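Next comes structure.cif, with mmCIF, C-alpha atoms.
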data_coords
loop_
_atom_site.label_atom_id
_atom_site.label_comp_id
_atom_site.auth_asym_id
_atom_site.auth_seq_id
_atom_site.Cartn_x
_atom_site.Cartn_y
_atom_site.Cartn_z
CA MET A 227 -2.09 -16.75 -6.33
CA HIS A 228 -3.89 -13.65 -5.22
CA LEU A 229 -2.22 -10.26 -5.14
CA THR A 230 -2.46 -7.82 -2.26
CA GLN A 231 -1.15 -4.29 -2.38
CA ARG A 232 -1.30 -1.77 0.42
CA LEU A 233 -2.46 1.69 -0.58
CA GLU A 234 0.37 4.06 0.32
CA LEU A 235 -1.96 7.03 0.57
CA PHE A 236 -4.44 5.16 2.74
CA PRO A 237 -2.23 2.98 4.89
CA ASP A 238 -5.05 1.06 6.60
CA HIS A 239 -6.43 0.00 3.25
CA ALA A 240 -5.29 -2.78 1.00
CA VAL A 241 -6.43 -4.06 -2.37
CA THR A 242 -6.59 -7.77 -3.07
CA GLN A 243 -7.05 -9.10 -6.57
CA LEU A 244 -8.13 -12.61 -7.54
CA LEU A 245 -8.43 -14.08 -11.00
CA PHE A 246 -10.49 -17.03 -12.14
CA ARG A 247 -11.23 -18.73 -15.44
CA ASP A 248 -13.62 -21.54 -16.44
CA VAL A 249 -16.10 -19.93 -14.12
CA LYS A 250 -19.46 -21.70 -14.09
CA ASN A 251 -21.40 -19.52 -11.66
CA ALA A 252 -20.96 -16.00 -12.94
CA ALA A 253 -24.65 -15.21 -12.49
CA GLU A 254 -24.56 -16.33 -8.87
CA LEU A 255 -21.42 -14.30 -8.23
CA ARG A 256 -23.01 -11.21 -9.71
CA LYS A 257 -26.01 -11.65 -7.46
CA LYS A 258 -23.79 -12.07 -4.41
CA ALA A 259 -21.84 -8.97 -5.30
CA MET A 260 -24.99 -6.92 -5.74
CA GLU A 261 -26.40 -8.16 -2.44
CA GLY A 262 -23.15 -7.45 -0.65
CA GLU A 263 -22.29 -11.03 0.22
CA ILE A 264 -19.17 -10.51 -1.83
CA ASN A 265 -17.85 -7.07 -0.96
CA GLY A 266 -15.86 -6.54 -4.09
CA ALA A 267 -15.90 -5.49 -7.71
CA LEU A 268 -16.29 -8.17 -10.36
CA ILE A 269 -14.40 -7.20 -13.46
CA ASN A 270 -14.21 -8.63 -16.94
CA PRO A 271 -10.57 -9.79 -17.25
CA ALA A 272 -10.59 -9.28 -21.02
CA MET A 273 -10.47 -5.55 -20.32
CA ILE A 274 -7.51 -5.72 -17.95
CA VAL A 275 -4.00 -5.38 -19.31
CA MET A 276 -2.17 -5.81 -16.01
CA PRO A 277 -3.04 -5.75 -12.30
CA PHE A 278 -1.52 -2.26 -11.95
CA GLN A 279 -4.45 -0.89 -13.94
CA VAL A 280 -6.82 -2.22 -11.28
CA LEU A 281 -4.73 -0.70 -8.49
CA VAL A 282 -4.90 2.71 -10.13
CA ALA A 283 -8.70 2.44 -10.36
CA ALA A 284 -9.01 1.26 -6.76
CA ASN A 285 -6.72 3.97 -5.41
CA LYS A 286 -8.71 6.67 -7.16
CA ALA A 287 -11.96 5.16 -5.89
CA VAL A 288 -10.80 5.16 -2.27
CA HIS A 289 -9.53 8.74 -2.64
CA LEU A 290 -12.85 9.94 -4.03
CA GLN A 291 -14.77 8.08 -1.36
CA LYS A 292 -12.71 9.77 1.33
CA ILE A 293 -13.47 13.22 -0.01
CA GLY A 294 -17.09 12.40 -0.75
CA LYS A 295 -16.75 12.91 -4.49
CA MET A 296 -17.49 9.50 -5.96
CA LYS A 297 -19.50 9.54 -9.15
CA THR A 298 -21.22 6.24 -8.43
CA ARG A 299 -23.01 4.94 -5.37
CA SER A 300 -20.49 2.54 -3.91
CA LEU A 301 -16.76 1.99 -3.71
CA ASN A 302 -16.99 -1.16 -5.78
CA SER A 303 -18.97 0.45 -8.58
CA GLU A 304 -16.56 3.38 -8.48
CA ILE A 305 -13.66 1.02 -9.15
CA ILE A 306 -15.40 -0.28 -12.24
CA PHE A 307 -16.27 3.24 -13.35
CA ASN A 308 -12.65 4.36 -12.98
CA LEU A 309 -11.51 1.63 -15.33
CA SER A 310 -13.54 3.13 -18.15
CA PRO A 311 -12.21 5.84 -20.48
CA THR A 312 -15.56 7.60 -20.59
CA ASN A 313 -17.76 9.31 -18.04
CA ASN A 314 -20.80 7.20 -18.84
CA ILE A 315 -21.50 5.04 -15.82
CA SER A 316 -23.79 2.43 -17.36
CA GLU A 317 -21.43 1.98 -20.26
CA ALA A 318 -18.62 1.36 -17.80
CA PHE A 319 -20.59 -1.36 -16.02
CA LYS A 320 -21.49 -2.98 -19.29
CA ARG A 321 -17.97 -3.07 -20.65
CA PHE A 322 -15.90 -3.62 -17.52
CA GLY A 323 -18.30 -5.52 -15.28
CA ILE A 324 -19.18 -9.16 -15.81
CA SER A 325 -22.35 -10.57 -17.28
CA ASP A 326 -24.20 -13.72 -16.30
CA ASN A 327 -22.69 -15.90 -18.99
CA ASP A 328 -19.07 -14.80 -18.65
CA ASN A 329 -16.61 -17.54 -17.80
CA ALA A 330 -13.74 -15.54 -16.41
CA VAL A 331 -13.76 -13.04 -13.60
CA HIS A 332 -11.26 -10.68 -11.99
CA ILE A 333 -12.29 -9.91 -8.42
CA VAL A 334 -11.09 -6.80 -6.59
CA LEU A 335 -11.51 -6.47 -2.85
CA VAL A 336 -10.73 -3.29 -0.96
CA HIS A 337 -10.34 -4.05 2.71
CA SER A 338 -8.49 -3.02 5.81
CA VAL A 339 -4.99 -4.32 6.21
CA ASP A 340 -5.78 -6.86 8.89
CA GLU A 341 -8.77 -8.40 7.11
CA ASP A 342 -8.43 -11.44 4.89
CA HIS A 343 -11.32 -12.45 2.69
CA VAL A 344 -9.34 -14.51 0.25
CA ALA A 345 -10.38 -17.97 1.37
CA ASP A 346 -14.01 -16.93 1.72
CA THR A 347 -14.08 -15.48 -1.73
CA VAL A 348 -12.28 -18.36 -3.42
CA ALA A 349 -14.80 -20.74 -1.87
CA LYS A 350 -17.66 -18.92 -3.56
CA VAL A 351 -16.23 -19.16 -7.07
CA ASP A 352 -16.84 -22.26 -9.16
CA GLY A 353 -13.83 -21.96 -11.39
CA GLN A 354 -10.10 -22.30 -11.70
CA GLN A 355 -7.98 -19.75 -9.88
CA LEU A 356 -5.04 -18.24 -11.78
CA GLN A 357 -2.09 -16.13 -10.75
CA VAL A 358 -3.31 -12.56 -11.05
CA ASP A 359 -0.52 -11.51 -13.35
CA GLN A 360 -1.72 -14.11 -15.81
CA VAL A 361 -4.59 -11.79 -16.62
CA SER A 362 -2.58 -10.82 -19.67
CA THR A 363 -3.43 -14.21 -21.15
CA LEU A 364 -7.09 -13.26 -21.02
CA THR A 365 -6.69 -9.71 -22.28
CA ASP A 366 -8.52 -8.68 -25.43
CA THR A 367 -5.90 -6.20 -26.64
CA ASP A 368 -7.75 -5.17 -29.78
CA LYS A 369 -10.94 -4.40 -27.90
CA ILE A 370 -9.05 -2.27 -25.40
CA LYS A 371 -7.14 -0.42 -28.11
CA LYS A 372 -10.40 0.32 -29.86
CA LEU A 373 -12.26 1.48 -26.76
CA PHE A 374 -9.44 3.62 -25.46
CA ARG A 375 -8.57 4.89 -28.95
CA VAL A 376 -4.93 4.00 -28.55
CA THR A 377 -2.84 4.94 -31.56
CA PRO A 378 0.07 2.70 -32.65
CA LYS A 379 2.59 5.46 -31.96
CA GLU A 380 1.69 5.47 -28.30
CA GLY A 381 3.66 2.34 -27.58
CA ASN A 382 2.94 0.54 -24.33
CA LEU A 383 -0.75 -0.32 -23.92
CA LEU A 384 -0.76 -0.33 -20.12
CA ASP A 385 0.73 3.17 -20.05
CA ALA A 386 -1.82 4.45 -22.53
CA VAL A 387 -4.73 2.99 -20.57
CA VAL A 388 -3.53 4.12 -17.13
CA CYS A 389 -2.79 7.64 -18.32
CA ARG A 390 -6.28 8.00 -19.72
CA MET A 391 -7.84 6.59 -16.57
CA ALA A 392 -5.91 9.04 -14.43
CA THR A 393 -6.72 12.09 -16.53
CA LYS A 394 -10.28 11.29 -17.55
CA ASP A 395 -11.87 14.02 -15.41
CA VAL A 396 -10.11 16.92 -17.06
CA VAL A 397 -9.68 15.74 -20.59
CA ALA A 398 -12.81 16.29 -22.66
CA GLN A 399 -14.16 12.97 -23.81
CA HIS A 400 -13.44 12.43 -27.48
CA MET B 1216 -14.20 15.27 4.43
CA ALA B 1217 -12.02 16.88 1.84
CA LEU B 1218 -9.50 17.32 4.61
CA ASP B 1219 -9.37 13.59 5.15
CA SER B 1220 -7.65 12.81 1.91
CA SER B 1221 -5.45 15.90 1.93
CA VAL B 1222 -4.17 14.73 5.26
CA SER B 1223 -3.38 11.31 3.79
CA VAL B 1224 -1.44 12.82 0.92
CA LYS B 1225 0.42 15.22 3.20
CA GLN B 1226 1.26 12.43 5.61
CA PHE B 1227 2.47 10.34 2.74
CA LEU B 1228 4.61 13.15 1.35
CA SER B 1229 6.13 14.06 4.70
CA LYS B 1230 7.86 10.69 4.81
CA LEU B 1231 9.34 10.94 1.34
CA ASP B 1232 12.59 12.05 -0.24
CA LEU B 1233 12.22 15.62 -1.38
CA LEU B 1234 13.90 15.75 -4.77
CA LYS B 1235 13.59 19.45 -5.32
CA GLN B 1236 11.62 22.48 -4.33
CA GLY B 1237 10.83 25.13 -6.85
CA ALA B 1238 8.84 28.31 -6.60
CA GLU B 1239 5.83 26.45 -7.88
CA ALA B 1240 5.95 22.94 -6.52
CA ARG B 1241 7.77 20.35 -4.46
CA VAL B 1242 8.88 17.20 -6.20
CA TYR B 1243 9.22 13.91 -4.33
CA ARG B 1244 10.29 10.40 -5.20
CA ALA B 1245 8.28 7.46 -3.90
CA MET B 1246 7.01 3.97 -4.55
CA PHE B 1247 3.34 4.07 -5.39
CA LEU B 1248 1.24 1.01 -6.08
CA GLY B 1249 4.44 -0.90 -6.70
CA LYS B 1250 5.91 1.52 -9.21
CA PRO B 1251 8.67 4.12 -8.86
CA THR B 1252 6.81 7.40 -8.89
CA ILE B 1253 7.43 11.13 -8.88
CA VAL B 1254 4.96 13.21 -6.91
CA LYS B 1255 4.65 16.84 -7.89
CA GLU B 1256 2.84 18.83 -5.24
CA ARG B 1257 1.81 22.38 -5.95
CA PHE B 1258 1.70 23.85 -2.51
CA PRO B 1259 -0.48 26.84 -1.53
CA LYS B 1260 1.14 30.20 -2.07
CA LEU B 1261 0.42 32.31 0.96
CA TYR B 1262 1.41 35.51 -0.76
CA ARG B 1263 -1.53 35.14 -3.09
CA HIS B 1264 -5.15 35.81 -2.38
CA PRO B 1265 -6.51 32.38 -1.39
CA ILE B 1266 -9.31 32.24 -3.95
CA LEU B 1267 -6.98 33.23 -6.75
CA ASP B 1268 -4.35 30.82 -5.50
CA GLU B 1269 -6.78 27.93 -5.59
CA LYS B 1270 -7.97 28.79 -9.09
CA LEU B 1271 -4.46 29.26 -10.44
CA THR B 1272 -3.04 26.18 -8.83
CA HIS B 1273 -5.92 24.07 -10.01
CA ARG B 1274 -5.62 25.43 -13.54
CA ARG B 1275 -1.87 24.78 -13.66
CA THR B 1276 -2.39 21.22 -12.48
CA VAL B 1277 -5.06 20.59 -15.10
CA GLN B 1278 -3.01 22.15 -17.88
CA GLU B 1279 -0.01 20.07 -16.98
CA VAL B 1280 -1.95 16.85 -17.03
CA ARG B 1281 -3.73 17.68 -20.30
CA ALA B 1282 -0.47 18.57 -22.02
CA ILE B 1283 1.11 15.29 -20.97
CA LEU B 1284 -1.80 13.25 -22.28
CA ARG B 1285 -1.90 15.19 -25.52
CA CYS B 1286 1.80 14.64 -26.09
CA ARG B 1287 1.59 10.95 -25.30
CA LYS B 1288 -1.29 10.49 -27.72
CA ALA B 1289 0.89 12.01 -30.41
CA GLY B 1290 3.64 9.52 -29.70
CA ILE B 1291 5.88 11.88 -27.73
CA SER B 1292 7.44 10.29 -24.66
CA ALA B 1293 6.30 11.93 -21.46
CA PRO B 1294 5.82 10.42 -18.00
CA VAL B 1295 2.63 8.40 -17.50
CA VAL B 1296 0.18 10.05 -15.12
CA TYR B 1297 -0.85 7.56 -12.44
CA PHE B 1298 -3.07 9.68 -10.20
CA VAL B 1299 -4.08 13.29 -9.71
CA ASP B 1300 -5.28 14.63 -6.38
CA TYR B 1301 -7.10 17.86 -7.16
CA ASN B 1302 -7.44 18.61 -3.46
CA SER B 1303 -3.79 18.85 -2.62
CA HIS B 1304 -2.87 19.54 -6.27
CA ALA B 1305 -0.50 16.62 -6.38
CA ILE B 1306 0.31 14.77 -9.57
CA PHE B 1307 1.62 11.22 -9.28
CA LEU B 1308 3.71 10.43 -12.35
CA GLU B 1309 5.95 7.74 -13.69
CA ASP B 1310 9.53 8.06 -12.48
CA ILE B 1311 11.74 7.62 -15.52
CA VAL B 1312 14.42 5.46 -13.95
CA GLY B 1313 17.79 4.96 -15.52
CA SER B 1314 17.71 8.28 -17.32
CA ILE B 1315 19.90 11.34 -17.42
CA THR B 1316 18.97 14.85 -18.36
CA VAL B 1317 20.03 16.05 -21.78
CA ARG B 1318 21.80 18.79 -19.89
CA ASP B 1319 24.05 16.32 -18.07
CA HIS B 1320 24.53 14.27 -21.21
CA ILE B 1321 25.72 17.24 -23.23
CA ALA B 1322 27.96 18.42 -20.42
CA SER B 1323 29.62 15.05 -19.93
CA THR B 1324 29.91 14.39 -23.67
CA GLN B 1325 31.65 17.72 -24.14
CA LEU B 1326 34.11 16.88 -21.41
CA SER B 1327 34.90 13.30 -22.34
CA GLN B 1328 34.84 13.20 -26.14
CA THR B 1329 37.43 14.59 -28.46
CA LYS B 1330 34.84 15.23 -31.12
CA PRO B 1331 31.67 15.89 -29.17
CA GLY B 1332 30.03 17.42 -32.23
CA GLU B 1333 29.27 14.17 -33.97
CA GLN B 1334 27.80 12.47 -30.92
CA LEU B 1335 25.56 15.35 -30.18
CA ASP B 1336 24.41 15.96 -33.75
CA LEU B 1337 22.12 12.97 -33.56
CA LEU B 1338 20.73 14.24 -30.28
CA ALA B 1339 20.06 17.69 -31.72
CA LYS B 1340 18.28 16.07 -34.65
CA LYS B 1341 16.08 14.03 -32.33
CA ILE B 1342 15.21 17.01 -30.17
CA GLY B 1343 14.23 18.99 -33.25
CA GLN B 1344 11.99 16.17 -34.41
CA ILE B 1345 10.24 15.75 -31.08
CA LEU B 1346 9.62 19.45 -30.61
CA ALA B 1347 8.27 19.63 -34.15
CA ARG B 1348 5.81 16.88 -33.34
CA MET B 1349 4.83 18.58 -30.10
CA HIS B 1350 4.21 21.93 -31.75
CA ASP B 1351 2.30 20.26 -34.56
CA GLU B 1352 -0.02 18.99 -31.81
CA ASP B 1353 -0.35 22.62 -30.70
CA VAL B 1354 1.26 21.90 -27.34
CA VAL B 1355 3.50 24.70 -26.12
CA HIS B 1356 5.80 23.40 -23.40
CA GLY B 1357 6.50 26.73 -21.76
CA ASP B 1358 9.73 25.76 -20.07
CA LEU B 1359 11.97 24.15 -22.63
CA THR B 1360 15.41 23.59 -21.18
CA THR B 1361 17.87 20.75 -21.43
CA SER B 1362 17.07 19.89 -17.81
CA ASN B 1363 13.49 19.17 -18.84
CA MET B 1364 14.49 16.56 -21.39
CA LEU B 1365 15.53 13.09 -20.32
CA LEU B 1366 17.44 10.44 -22.21
CA ARG B 1367 16.52 6.89 -21.42
CA THR B 1368 17.71 3.67 -22.98
CA SER B 1369 14.69 2.20 -24.68
CA ALA B 1370 13.76 -1.30 -23.57
CA ASP B 1371 12.90 -2.52 -27.07
CA ASN B 1372 15.90 -1.64 -29.15
CA GLY B 1373 18.56 -0.18 -26.91
CA GLU B 1374 18.20 3.18 -28.61
CA MET B 1375 18.12 6.36 -26.64
CA ASP B 1376 14.58 7.58 -26.10
CA LEU B 1377 13.96 11.28 -25.49
CA VAL B 1378 11.41 12.01 -22.77
CA LEU B 1379 9.95 15.45 -22.15
CA ILE B 1380 9.12 16.35 -18.56
CA ASP B 1381 7.81 19.24 -16.48
CA PHE B 1382 4.77 20.42 -18.36
CA GLY B 1383 3.89 22.77 -15.53
CA LEU B 1384 3.84 25.83 -17.73
CA SER B 1385 2.36 24.22 -20.81
CA TYR B 1386 -0.73 25.22 -22.66
CA ILE B 1387 -2.50 24.49 -25.90
CA SER B 1388 -1.93 27.03 -28.66
CA ALA B 1389 -1.85 27.04 -32.43
CA LEU B 1390 -0.19 30.45 -32.64
CA PRO B 1391 3.25 30.51 -34.30
CA GLU B 1392 4.14 33.33 -31.91
CA ASP B 1393 3.70 31.05 -28.89
CA LYS B 1394 5.67 28.27 -30.51
CA GLY B 1395 8.34 30.71 -31.59
CA VAL B 1396 8.67 31.92 -28.01
CA ASP B 1397 8.86 28.29 -26.88
CA MET B 1398 11.86 27.78 -29.16
CA TYR B 1399 13.36 31.08 -28.05
CA VAL B 1400 13.20 29.98 -24.43
CA LEU B 1401 15.01 26.80 -25.40
CA GLU B 1402 17.60 28.70 -27.38
CA LYS B 1403 18.36 31.01 -24.48
CA ALA B 1404 18.54 28.11 -22.01
CA PHE B 1405 20.60 26.00 -24.38
CA LEU B 1406 23.21 28.60 -25.22
CA SER B 1407 23.59 29.83 -21.67
CA THR B 1408 23.91 26.34 -20.18
CA HIS B 1409 26.13 24.83 -22.84
CA PRO B 1410 28.97 26.99 -24.11
CA ASN B 1411 29.96 26.85 -27.76
CA THR B 1412 26.85 25.06 -28.95
CA GLU B 1413 25.55 27.58 -31.47
CA ALA B 1414 26.14 25.20 -34.36
CA LEU B 1415 24.47 22.38 -32.46
CA PHE B 1416 21.39 24.46 -31.84
CA GLU B 1417 21.31 25.40 -35.51
CA LYS B 1418 21.17 21.70 -36.32
CA LEU B 1419 18.31 21.35 -33.86
CA LEU B 1420 16.40 24.10 -35.62
CA LYS B 1421 17.12 22.58 -39.00
CA SER B 1422 15.74 19.27 -37.84
CA TYR B 1423 12.71 21.06 -36.38
CA THR B 1424 12.09 22.88 -39.65
CA ALA B 1425 12.35 19.69 -41.65
CA SER B 1426 10.02 17.73 -39.37
CA SER B 1427 7.27 20.23 -38.72
CA LYS B 1428 4.51 21.03 -41.13
CA LYS B 1429 3.99 24.47 -39.71
CA SER B 1430 7.61 25.40 -39.11
CA THR B 1431 8.05 28.33 -41.50
CA ALA B 1432 5.72 30.60 -39.57
CA VAL B 1433 7.26 29.50 -36.28
CA ILE B 1434 10.83 30.17 -37.36
CA LYS B 1435 9.76 33.53 -38.72
CA LYS B 1436 8.34 34.41 -35.32
CA LEU B 1437 11.44 33.07 -33.62
CA ASN B 1438 13.56 35.48 -35.63
CA GLU B 1439 11.25 38.33 -34.71
CA VAL B 1440 11.38 37.43 -31.04
CA ARG B 1441 15.18 37.21 -31.16
CA LEU B 1442 15.25 40.79 -32.35
CA ARG B 1443 12.85 41.77 -29.63
CA GLY B 1444 14.76 40.36 -26.65
CA ARG B 1445 16.60 42.05 -23.83
CA LYS B 1446 19.54 44.31 -24.56
CA ARG B 1447 18.63 44.68 -28.16
CA SER B 1448 19.06 47.78 -30.18
CA MET B 1449 15.63 49.16 -31.00
CA VAL B 1450 16.78 50.45 -34.34
CA GLY B 1451 14.10 49.33 -36.74
#

Could you take the file, read its structure, and then write that structure out as structure tokens?
Amino acid sequence: MHLTQRLELFPDHAVTQLLFRDVKNAAELRKKAMEGEINGALINPAMIVMPFQVLVAANKAVHLQKIGKMKTRSLNSEIIFNLSPTNNISEAFKRFGISDNDNAVHIVLVHSVDEDHVADTVAKVDGQQLQVDQVSTLTDTDKIKKLFRVTPKEGNLLDAVVCRMATKDVVAQH
Amino acid sequence: MALDSSVSVKQFLSKLDLLKQGAEARVYRAMFLGKPTIVKERFPKLYRHPILDEKLTHRRTVQEVRAILRCRKAGISAPVVYFVDYNSHAIFLEDIVGSITVRDHIASTQLSQTKPGEQLDLLAKKIGQILARMHDEDVVHGDLTTSNMLLRTSADNGEMDLVLIDFGLSYISALPEDKGVDMYVLEKAFLSTHPNTEALFEKLLKSYTASSKKSTAVIKKLNEVRLRGRKRSMVG
């Protein structure tokens, strides 16, 4: 159900993703995340094309944390910020984070390779767990295309989004 | 602290397959976040003054990444950038699997076919079109050769898709002179790598002229640059 990927550049770190729909306690989850009871990033699945996108954001976040150059205050908020095409932090949280009345949530946990928080985390969510790659069923393609200003000639949406995420720091924001 | 991550990248790279080493960078192949990836690492040049080296290397990395994004936005196929480490100046890009260089394609087509001309005409036309689109976006590649163009079978329709790679020397410029030089570099590389392809290159230029809105000025400059080149009579 969940998806765990080791970070090649940071071999003791791994990223685990979990996806839920019909979530009834989004507000509670948000609170837990803010208080640190859930040590992860809560993302709005409508903005995720495929899990790879999340991995790219997480990898960049860990890299920046290691060199002390994160733009936000924590690893988890950095992951959310990296998902956004712009350099505006609050906008990133608004668009890519979850709000109290959302009913789907994509959870990202960055942890060391020997830790396993899956069961703990699943227990806290009041909702139905999905296979992470099913996030594409929840994707709001039009919203993403609009936000990322993807032109039809660009082809593959995931490629367009990932490329922008990866180059955001040196490409002047339209 | 900055050392921390550089060490990770270097450790990672030391275990990989080195694909090639140029004067500018080392290129590796790896799996990264589950995807086949090319890592281009611009290593420090000890013969340069360290401050200049850092500035130059950083600038080249940034220019490469910007050019790729600009091309992609215009609908030109170029590898997707997955991650850029500005510390070790390493670019993690999509590995275009199942592709061959245009160079190899032309070479093998010339060997195997009785009438290579027809097969390659379509290719020349496509190259002309793509370069026209690139120059119309004011992206100058800087190192146009047939080794820097890949042919991949497109997933959607089985057609051959042309992918441009190695934007290491690219920059943004609207000047016809720069674009003309870009084409000149390609012409020189083309004709020296592939014997008896003058007519083919002409077709490429024709296609370029037809597809680009700003081509007249560029071709004019190309002709001027041709006259300027090495071993040319300076009779005006």

Report task. Using the chain letters and residue numbers of this document, give as a VMD selection string the residues selected by the PyMOL selection byres ((chain A and resi 364) around 10). Result -> chain A and resid 247 270 to 275 330 to 331 360 to 363 365 to 367

Find the residues around segment 1404-1410 of chain B up to 10 Å (only C-alpha atoms counted), leave out those fewer than 6 positions away in its own chain, and share them as an mmCIF file with C-alpha atoms, keeping the file's coordinate frame.
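result.cif, written as the output of this step:
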data_model
loop_
_atom_site.group_PDB
_atom_site.id
_atom_site.type_symbol
_atom_site.label_atom_id
_atom_site.label_comp_id
_atom_site.auth_asym_id
_atom_site.auth_seq_id
_atom_site.Cartn_x
_atom_site.Cartn_y
_atom_site.Cartn_z
ATOM 1 C CA ARG B 1318 21.800 18.790 -19.890
ATOM 2 C CA ASP B 1319 24.050 16.320 -18.070
ATOM 3 C CA ILE B 1321 25.720 17.240 -23.230
ATOM 4 C CA ALA B 1322 27.960 18.420 -20.420
ATOM 5 C CA GLN B 1325 31.650 17.720 -24.140
ATOM 6 C CA ASP B 1358 9.730 25.760 -20.070
ATOM 7 C CA LEU B 1359 11.970 24.150 -22.630
ATOM 8 C CA THR B 1360 15.410 23.590 -21.180
ATOM 9 C CA THR B 1361 17.870 20.750 -21.430
ATOM 10 C CA SER B 1362 17.070 19.890 -17.810
ATOM 11 C CA MET B 1398 11.860 27.780 -29.160
ATOM 12 C CA PHE B 1416 21.390 24.460 -31.840
#

Query - Selected residue, from B:Asn1302, B:Gln1344, B:Gln1278, B:Thr1324, that lies nearest to Tyr1423 of chain B when counting only C-alpha atoms - result: B:Gln1344

Going by the chain IDs and residue numbers used in this file, which residues fall under the PyMOL selection byres ((chain A and resi 358) around 8)? Write them as a compact mmCIF listing (two decimals) with C-alpha atoms, in the coordinates of the input.
# COMPACT_ATOMS: atom_id res chain seq x y z
CA MET A 227 -2.09 -16.75 -6.33
CA HIS A 228 -3.89 -13.65 -5.22
CA LEU A 229 -2.22 -10.26 -5.14
CA GLN A 243 -7.05 -9.10 -6.57
CA LEU A 244 -8.13 -12.61 -7.54
CA LEU A 245 -8.43 -14.08 -11.00
CA PRO A 277 -3.04 -5.75 -12.30
CA LEU A 356 -5.04 -18.24 -11.78
CA GLN A 357 -2.09 -16.13 -10.75
CA ASP A 359 -0.52 -11.51 -13.35
CA GLN A 360 -1.72 -14.11 -15.81
CA VAL A 361 -4.59 -11.79 -16.62

Query - Atomic distance atom CA of Val1317 of chain B - atom CA of Asn1363 of chain B, expressed in Å with one decimal - result: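 Atom-to-atom, atom CA of Val1317 of chain B to atom CA of Asn1363 of chain B, that is 7.8 Å.
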
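Proximity of A:Ile293, A:Val351, A:Ile305, A:Val241 to chain B, computed with all atoms listed in the file, is greatest for A:Ile293.
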
Requested in this report: Quick one: pull the distance between atom CA of Glu254 of chain A and atom CA of Arg321 of chain A, Å, one decimal.
Outcome: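 About the pair atom CA of Glu254 of chain A and atom CA of Arg321 of chain A: they are 18.9 Å apart.
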
Chain A residues near chain B (9 Å cut-off, all atoms listed in the file) as a compact mmCIF listing (two decimals) with C-alpha atoms, in the coordinates of the input:
# COMPACT_ATOMS: atom_id res chain seq x y z
CA GLN A 231 -1.15 -4.29 -2.38
CA ARG A 232 -1.30 -1.77 0.42
CA LEU A 233 -2.46 1.69 -0.58
CA GLU A 234 0.37 4.06 0.32
CA LEU A 235 -1.96 7.03 0.57
CA PHE A 236 -4.44 5.16 2.74
CA PRO A 237 -2.23 2.98 4.89
CA PHE A 278 -1.52 -2.26 -11.95
CA LEU A 281 -4.73 -0.70 -8.49
CA VAL A 282 -4.90 2.71 -10.13
CA ASN A 285 -6.72 3.97 -5.41
CA LYS A 286 -8.71 6.67 -7.16
CA HIS A 289 -9.53 8.74 -2.64
CA LEU A 290 -12.85 9.94 -4.03
CA LYS A 292 -12.71 9.77 1.33
CA ILE A 293 -13.47 13.22 -0.01
CA GLY A 294 -17.09 12.40 -0.75
CA LYS A 295 -16.75 12.91 -4.49
CA VAL A 376 -4.93 4.00 -28.55
CA THR A 377 -2.84 4.94 -31.56
CA PRO A 378 0.07 2.70 -32.65
CA LYS A 379 2.59 5.46 -31.96
CA GLU A 380 1.69 5.47 -28.30
CA GLY A 381 3.66 2.34 -27.58
CA ASP A 385 0.73 3.17 -20.05
CA ALA A 386 -1.82 4.45 -22.53
CA VAL A 388 -3.53 4.12 -17.13
CA CYS A 389 -2.79 7.64 -18.32
CA ARG A 390 -6.28 8.00 -19.72
CA MET A 391 -7.84 6.59 -16.57
CA ALA A 392 -5.91 9.04 -14.43
CA THR A 393 -6.72 12.09 -16.53
CA VAL A 396 -10.11 16.92 -17.06
CA VAL A 397 -9.68 15.74 -20.59

Query - Å distance separating atom CA of Ala345 of chain A from atom CA of Ile264 of chain A, one decimal place - result: 12.0 Å

Query raised in the report: What residues have an atom no more than 12 Å from (-13.8, 1.3, -8.8) in the file's own frame, counting all atoms listed in the file, and can you write them as a PyMOL selection string?
Result: chain A and resi 241+266-269+279-291+296-310+315+318-319+322-323+333-336+391

Query - Shell around segment 1234-1240 of chain B at 6 Å using all atoms listed in the file, local window under 3 positions removed, as an NGL selection string - result: :B and (1243 or 1256-1258)

Dump C-alpha atoms for the selected residues as a JSON list (two decimals), in the frame of the given file?
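Writing the result to result.json gives the following:
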[["chain", "number", "residue", "atom", "x", "y", "z"],
["B", 1243, "TYR", "CA", 9.22, 13.91, -4.33],
["B", 1256, "GLU", "CA", 2.84, 18.83, -5.24],
["B", 1257, "ARG", "CA", 1.81, 22.38, -5.95],
["B", 1258, "PHE", "CA", 1.70, 23.85, -2.51]]

Query raised in the report: Hey, what's within 9 Å of Lys1260 of chain B if we count all atoms listed in the file and toss same-chain stuff fewer than 3 positions away? As a ChimeraX atom specification, please?
Result: /B:1239,1257,1263-1265,1268-1269,1272

Output file for the residues above (C-alpha atoms, as a short mmCIF file (atom, residue, chain, number, x, y, z; two decimals), keeping the file's coordinate frame):
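Once written, selection-v3.cif looks like this:
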data_model
loop_
_atom_site.label_atom_id
_atom_site.label_comp_id
_atom_site.auth_asym_id
_atom_site.auth_seq_id
_atom_site.Cartn_x
_atom_site.Cartn_y
_atom_site.Cartn_z
CA GLU B 1239 5.83 26.45 -7.88
CA ARG B 1257 1.81 22.38 -5.95
CA ARG B 1263 -1.53 35.14 -3.09
CA HIS B 1264 -5.15 35.81 -2.38
CA PRO B 1265 -6.51 32.38 -1.39
CA ASP B 1268 -4.35 30.82 -5.50
CA GLU B 1269 -6.78 27.93 -5.59
CA THR B 1272 -3.04 26.18 -8.83
#

Query raised in the report: Pick from A:Val387, A:Ser325, A:Met276, A:Glu263: nearest to Asp346 of chain A, with only C-alpha atoms counted?
Result: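 Among the listed residues, the smallest separation from Asp346 of chain A belongs to A:Glu263.
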